[in-house]
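Shown next: protein.pdb, containing PDB, C-alpha atoms.
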```pdb
ATOM      1  CA  MET G   1     -13.488  31.442 -26.642
ATOM      2  CA  GLY G   2     -10.549  29.166 -25.950
ATOM      3  CA  VAL G   3      -8.313  32.155 -25.174
ATOM      4  CA  SER G   4     -10.856  33.511 -22.693
ATOM      5  CA  TYR G   5     -11.070  30.152 -20.933
ATOM      6  CA  LEU G   6      -7.280  30.044 -20.853
ATOM      7  CA  ALA G   7      -7.085  33.523 -19.326
ATOM      8  CA  ILE G   8      -9.711  32.667 -16.712
ATOM      9  CA  SER G   9      -7.900  29.448 -15.820
ATOM     10  CA  ALA G  10      -4.565  31.272 -15.533
ATOM     11  CA  THR G  11      -6.134  33.880 -13.254
ATOM     12  CA  CYS G  12      -7.730  31.237 -11.034
ATOM     13  CA  THR G  13      -4.430  29.342 -10.817
ATOM     14  CA  ALA G  14      -2.538  32.480  -9.832
ATOM     15  CA  LEU G  15      -5.147  33.406  -7.208
ATOM     16  CA  SER G  16      -5.158  29.891  -5.746
ATOM     17  CA  PHE G  17      -1.349  29.949  -5.534
ATOM     18  CA  VAL G  18      -1.364  33.324  -3.800
ATOM     19  CA  GLY G  19      -4.052  32.134  -1.397
ATOM     20  CA  LEU G  20      -2.075  28.979  -0.587
ATOM     21  CA  GLN G  21       1.098  30.991   0.000
ATOM     22  CA  ILE G  22      -0.650  33.505   2.265
ATOM     23  CA  TRP G  23      -2.305  30.745   4.285
ATOM     24  CA  THR G  24       1.009  28.875   4.632
ATOM     25  CA  GLU G  25       2.822  31.955   5.889
ATOM     26  CA  PHE G  26      -0.034  32.729   8.277
ATOM     27  CA  SER G  27      -0.005  29.166   9.630
ATOM     28  CA  LEU G  28       3.766  29.181  10.090
ATOM     29  CA  ASP G  29       3.598  32.493  11.941
ATOM     30  CA  LYS G  30       1.077  30.921  14.324
ATOM     31  CA  LEU G  31       3.253  27.838  14.905
ATOM     32  CA  LYS G  32       6.477  29.735  15.630
ATOM     33  CA  PRO G  33       5.367  31.454  18.896
ATOM     34  CA  ASN G  34       4.065  28.129  20.214
ATOM     35  CA  GLY G  35       7.515  26.586  19.878
ATOM     36  CA  LEU G  36       6.327  23.832  17.522
ATOM     37  CA  ILE G  37       8.857  24.906  14.901
ATOM     38  CA  SER G  38      11.938  27.090  14.977
ATOM     39  CA  GLU G  39      12.666  30.208  13.006
ATOM     40  CA  HIS G  40      15.022  28.525  10.538
ATOM     41  CA  PHE G  41      13.937  25.925   7.985
ATOM     42  CA  LEU G  42      17.423  24.912   6.886
ATOM     43  CA  ASN G  43      17.243  21.914   9.180
ATOM     44  CA  LEU G  44      15.662  18.965   7.389
ATOM     45  CA  GLU G  45      13.973  17.709  10.545
ATOM     46  CA  ASN G  46      12.474  21.121  11.239
ATOM     47  CA  ALA G  47      11.240  21.456   7.664
ATOM     48  CA  SER G  48       9.635  18.004   7.737
ATOM     49  CA  ARG G  49       8.005  18.899  11.056
ATOM     50  CA  ALA G  50       6.547  22.062   9.521
ATOM     51  CA  VAL G  51       5.228  20.135   6.515
ATOM     52  CA  GLU G  52       3.670  17.544   8.811
ATOM     53  CA  LEU G  53       1.910  20.210  10.865
ATOM     54  CA  LEU G  54       0.682  22.045   7.782
ATOM     55  CA  SER G  55      -0.603  18.866   6.151
ATOM     56  CA  GLY G  56      -2.659  18.152   9.261
ATOM     57  CA  SER G  57      -4.817  21.196   8.572
ATOM     58  CA  TYR G  58      -7.915  20.623   6.437
ATOM     59  CA  ALA G  59      -7.705  24.198   5.151
ATOM     60  CA  THR G  60      -4.158  23.632   3.888
ATOM     61  CA  VAL G  61      -5.154  20.394   2.169
ATOM     62  CA  ALA G  62      -8.193  22.062   0.578
ATOM     63  CA  LEU G  63      -6.154  25.030  -0.691
ATOM     64  CA  LEU G  64      -3.443  22.729  -2.021
ATOM     65  CA  ALA G  65      -6.007  20.536  -3.792
ATOM     66  CA  ASN G  66      -7.629  23.659  -5.265
ATOM     67  CA  PHE G  67      -4.278  24.890  -6.584
ATOM     68  CA  VAL G  68      -3.376  21.503  -8.075
ATOM     69  CA  LEU G  69      -6.776  21.250  -9.761
ATOM     70  CA  ASN G  70      -6.491  24.761 -11.221
ATOM     71  CA  ALA G  71      -2.929  24.113 -12.399
ATOM     72  CA  PHE G  72      -3.983  20.839 -14.030
ATOM     73  CA  THR G  73      -6.913  22.564 -15.755
ATOM     74  CA  LEU G  74      -4.563  25.265 -17.019
ATOM     75  CA  LEU G  75      -2.201  22.608 -18.366
ATOM     76  CA  ILE G  76      -5.047  20.847 -20.184
ATOM     77  CA  LEU G  77      -6.242  24.095 -21.764
ATOM     78  CA  CYS G  78      -2.697  24.981 -22.831
ATOM     79  CA  LEU G  79      -2.231  21.581 -24.459
ATOM     80  CA  LYS G  80      -5.603  21.879 -26.162
ATOM     81  CA  THR G  81      -4.643  25.292 -27.562
ATOM     82  CA  ILE G  82      -1.245  24.039 -28.747
ATOM     83  CA  PHE G  83      -2.473  20.864 -30.436
ATOM     84  CA  PHE G  84      -5.977  21.782 -31.616
ATOM     85  CA  ILE G  85      -6.166  25.611 -31.354
ATOM     86  CA  GLU G  86      -9.994  25.512 -31.286
ATOM     87  CA  LEU G  87     -12.423  22.609 -31.302
ATOM     88  CA  TYR G  88     -15.156  22.242 -33.889
ATOM     89  CA  PRO G  89     -18.753  22.028 -32.615
ATOM     90  CA  SER G  90     -18.950  18.331 -33.524
ATOM     91  CA  GLU G  91     -15.730  17.642 -31.634
ATOM     92  CA  THR G  92     -16.996  19.514 -28.593
ATOM     93  CA  LYS G  93     -20.232  17.522 -28.642
ATOM     94  CA  LYS G  94     -18.424  14.187 -28.889
ATOM     95  CA  LEU G  95     -16.015  15.253 -26.143
ATOM     96  CA  ALA G  96     -18.895  16.087 -23.801
ATOM     97  CA  GLU G  97     -20.583  12.747 -24.502
ATOM     98  CA  ARG G  98     -17.378  10.784 -23.898
ATOM     99  CA  LEU G  99     -16.646  12.722 -20.726
ATOM    100  CA  ILE G 100     -20.110  12.085 -19.313
ATOM    101  CA  ASN G 101     -19.917   8.371 -20.138
ATOM    102  CA  TYR G 102     -16.479   8.091 -18.554
ATOM    103  CA  VAL G 103     -17.601   9.800 -15.356
ATOM    104  CA  ILE G 104     -20.710   7.612 -15.147
ATOM    105  CA  TYR G 105     -19.019   4.271 -15.848
ATOM    106  CA  LYS G 106     -15.805   4.927 -13.906
ATOM    107  CA  GLY G 107     -16.724   7.414 -11.203
ATOM    108  CA  THR G 108     -19.873   5.575 -10.117
ATOM    109  CA  PHE G 109     -17.978   2.416  -9.188
ATOM    110  CA  LEU G 110     -15.115   4.263  -7.474
ATOM    111  CA  PRO G 111     -16.700   4.270  -3.965
ATOM    112  CA  LEU G 112     -17.425   0.529  -4.324
ATOM    113  CA  VAL G 113     -13.835  -0.590  -4.899
ATOM    114  CA  VAL G 114     -11.757   2.036  -3.078
ATOM    115  CA  PRO G 115     -11.166   1.706   0.695
ATOM    116  CA  PRO G 116     -12.827   4.519   2.678
ATOM    117  CA  THR G 117      -9.659   6.504   3.365
ATOM    118  CA  ILE G 118      -8.733   9.982   2.196
ATOM    119  CA  PHE G 119      -5.383   8.826   0.831
ATOM    120  CA  GLN G 120      -6.846   5.995  -1.239
ATOM    121  CA  ALA G 121      -9.719   8.135  -2.521
ATOM    122  CA  GLY G 122      -7.340  10.919  -3.525
ATOM    123  CA  LEU G 123      -4.908   8.543  -5.213
ATOM    124  CA  TRP G 124      -7.614   6.805  -7.236
ATOM    125  CA  SER G 125      -9.240  10.133  -8.141
ATOM    126  CA  ILE G 126      -5.936  11.477  -9.472
ATOM    127  CA  TRP G 127      -5.404   8.303 -11.485
ATOM    128  CA  LEU G 128      -8.901   8.499 -13.003
ATOM    129  CA  ILE G 129      -8.504  12.190 -13.870
ATOM    130  CA  VAL G 130      -5.176  11.605 -15.606
ATOM    131  CA  MET G 131      -6.475   8.564 -17.492
ATOM    132  CA  CYS G 132      -9.614  10.451 -18.496
ATOM    133  CA  SER G 133      -7.539  13.354 -19.826
ATOM    134  CA  LEU G 134      -5.356  11.018 -21.880
ATOM    135  CA  LYS G 135      -8.370   9.222 -23.320
ATOM    136  CA  MET G 136     -10.087  12.503 -24.204
ATOM    137  CA  PHE G 137      -6.963  13.829 -25.950
ATOM    138  CA  GLN G 138      -6.570  10.569 -27.852
ATOM    139  CA  ALA G 139     -10.218  10.643 -28.946
ATOM    140  CA  LEU G 140      -9.936  14.290 -30.017
ATOM    141  CA  ALA G 141      -6.818  13.504 -32.044
ATOM    142  CA  ARG G 142      -8.611  10.609 -33.749
ATOM    143  CA  ASP G 143     -11.594  12.811 -34.611
ATOM    144  CA  ARG G 144      -9.347  15.582 -35.899
ATOM    145  CA  LEU G 145      -7.338  13.104 -37.977
ATOM    146  CA  GLU G 146     -10.525  11.822 -39.613
ATOM    147  CA  ARG G 147     -11.500  15.388 -40.456
ATOM    148  CA  LEU G 148      -8.064  16.114 -41.902
ATOM    149  CA  ASN G 149      -8.116  12.980 -44.046
ATOM    150  CA  ALA G 150     -11.429  14.118 -45.506
ATOM    151  CA  SER G 151      -9.951  17.557 -46.309
ATOM    152  CA  PRO G 152      -7.349  17.542 -49.117
ATOM    153  CA  SER G 153      -6.211  21.096 -48.302
ATOM    154  CA  ALA G 154      -4.942  20.296 -44.799
ATOM    155  CA  ALA G 155      -1.502  21.700 -43.987
ATOM    156  CA  PRO G 156       1.354  19.402 -42.896
ATOM    157  CA  LEU G 157       1.685  21.390 -39.660
ATOM    158  CA  THR G 158      -1.855  20.418 -38.729
ATOM    159  CA  TYR G 159      -1.018  16.740 -39.208
ATOM    160  CA  PHE G 160       2.101  17.214 -37.096
ATOM    161  CA  ARG G 161       0.031  18.648 -34.252
ATOM    162  CA  VAL G 162      -2.376  15.726 -34.323
ATOM    163  CA  TYR G 163       0.371  13.108 -34.355
ATOM    164  CA  SER G 164       2.089  14.992 -31.529
ATOM    165  CA  VAL G 165      -0.972  14.250 -29.390
ATOM    166  CA  PHE G 166      -0.534  10.511 -29.954
ATOM    167  CA  LEU G 167       3.160  10.858 -29.122
ATOM    168  CA  LEU G 168       2.289  12.738 -25.919
ATOM    169  CA  VAL G 169      -0.174  10.055 -24.807
ATOM    170  CA  LEU G 170       2.362   7.323 -25.553
ATOM    171  CA  SER G 171       5.089   9.155 -23.624
ATOM    172  CA  VAL G 172       2.858   9.608 -20.582
ATOM    173  CA  ASP G 173       1.981   5.916 -20.695
ATOM    174  CA  PHE G 174       5.677   4.963 -20.719
ATOM    175  CA  LEU G 175       6.392   7.315 -17.813
ATOM    176  CA  TRP G 176       3.443   5.871 -15.899
ATOM    177  CA  TYR G 177       4.606   2.284 -16.350
ATOM    178  CA  ALA G 178       8.178   3.260 -15.469
ATOM    179  CA  SER G 179       7.130   4.946 -12.210
ATOM    180  CA  LEU G 180       4.528   2.325 -11.276
ATOM    181  CA  PRO G 181       6.861   0.090  -9.169
ATOM    182  CA  ASN G 182       8.057   3.047  -7.076
ATOM    183  CA  LEU G 183       4.506   4.310  -6.685
ATOM    184  CA  LEU G 184       3.244   0.915  -5.540
ATOM    185  CA  HIS G 185       6.112   0.624  -3.072
ATOM    186  CA  TYR G 186       5.339   4.069  -1.641
ATOM    187  CA  CYS G 187       1.623   3.316  -1.398
ATOM    188  CA  SER G 188       2.237   0.007   0.348
ATOM    189  CA  ARG G 189       4.509   1.677   2.899
ATOM    190  CA  THR G 190       1.982   4.449   3.488
ATOM    191  CA  ILE G 191      -0.872   1.986   3.948
ATOM    192  CA  GLN G 192       1.260  -0.113   6.309
ATOM    193  CA  LYS G 193       2.103   2.931   8.437
ATOM    194  CA  THR G 194      -1.544   3.981   8.522
ATOM    195  CA  THR G 195      -2.626   0.493   9.581
ATOM    196  CA  ILE G 196      -0.023   0.359  12.367
ATOM    197  CA  HIS G 197      -1.086   3.809  13.577
ATOM    198  CA  GLU G 198      -4.735   2.767  13.642
ATOM    199  CA  LYS G 199      -3.871  -0.424  15.557
ATOM    200  CA  ASP G 200      -1.878   1.583  18.104
ATOM    201  CA  ASP G 201      -4.800   3.964  18.581
ATOM    202  CA  THR G 202      -7.152   1.017  19.066
ATOM    203  CA  CYS G 203      -4.865  -0.550  21.667
ATOM    204  CA  LEU G 204      -4.565   2.725  23.535
ATOM    205  CA  ASN G 205      -8.317   3.158  23.568
ATOM    206  CA  ARG G 206      -8.795  -0.381  24.892
ATOM    207  CA  ASN G 207      -6.184   0.136  27.595
ATOM    208  CA  SER G 208      -7.780   3.391  28.687
ATOM    209  CA  CYS G 209     -11.184   1.732  28.833
ATOM    210  CA  SER G 210      -9.829  -1.171  30.887
ATOM    211  CA  VAL G 211      -8.159   1.221  33.346
ATOM    212  CA  THR G 212     -11.359   3.183  33.853
TER     213      THR G 212
END
```

Will you turn the file into structure tokens for me?
Amino acid sequence: MGVSYLAISATCTALSFVGLQIWTEFSLDKLKPNGLISEHFLNLENASRAVELLSGSYATVALLANFVLNAFTLLILCLKTIFFIELYPSETKKLAERLINYVIYKGTFLPLVVPPTIFQAGLWSIWLIVMCSLKMFQALARDRLERLNASPSAAPLTYFRVYSVFLLVLSVDFLWYASLPNLLHYCSRTIQKTTIHEKDDTCLNRNSCSVT
């Protein structure tokens, strides 16, 4: 069952990547005749201009988000297969209960604390998804370790896989804390630019209204 899910996830990821690539090429072909971008992307300014125009399309953002979600799901299934091979029915039941409780207690309060912007909502959603995945892997490793301790015939390789999960979670935590200052600096700059842009739009609207 796990292999079938893995194959389905790999197929969906490949299809989403192909769809994103086709849409990107189609969008670039539409922008070139209009003179918005040139034929060559070796220029950094031209490449950044193309990325800016593509990111302004809701279809591009939706296809990119779909690809990232499929790729992340594929990564989770691969890690699950490597560390746990297959889950026992009791582990699957506990995982579903923990996942539902996490979504209810964390996801319900997300609209109450996050500013109503797409960037903030996306950033907080990514953070919650990553944290949820780490917590679920840690809980699965704890449940599997309890099962192994109750079974005297467990192989050392099985113990190594379980402890590798704890090492993975710890490594991701260290990477997160190491990259947190840079991430906060980038977010503050992005929010500042967005605020300035909104203020400029407000001033322009007021000036146009006063002229009329």

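Across G:Tyr177, G:Ala150, G:Ser125, G:Phe137, the tightest approach to Ser164 (chain G) is made by G:Phe137 when counting all atoms listed in the file.
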
Nearest to Leu20 (chain G) among G:Ala71, G:Ile8, G:Val162, G:Val61, with distances taken over only C-alpha atoms: which residue is it?
->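 Closest to Leu20 (chain G) of all the choices is G:Val61.
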
Can you work out the spacing between CA of Leu99 (chain G) and CA of Gln138 (chain G) in Å, to one decimal?
-> 12.5 Å

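When CA of Gly19 (chain G) is paired with CA of Cys132 (chain G), their separation reads 28.2 Å.
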
Atomic distance CA of Leu148 (chain G) - CA of Leu170 (chain G), expressed in Å with one decimal | 21.3 Å

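Nearest-residue note for Tyr58 (chain G): choosing from G:Leu75, G:Thr11, G:Leu145, G:Trp23, the minimum distance belongs to G:Trp23, counting only C-alpha atoms.
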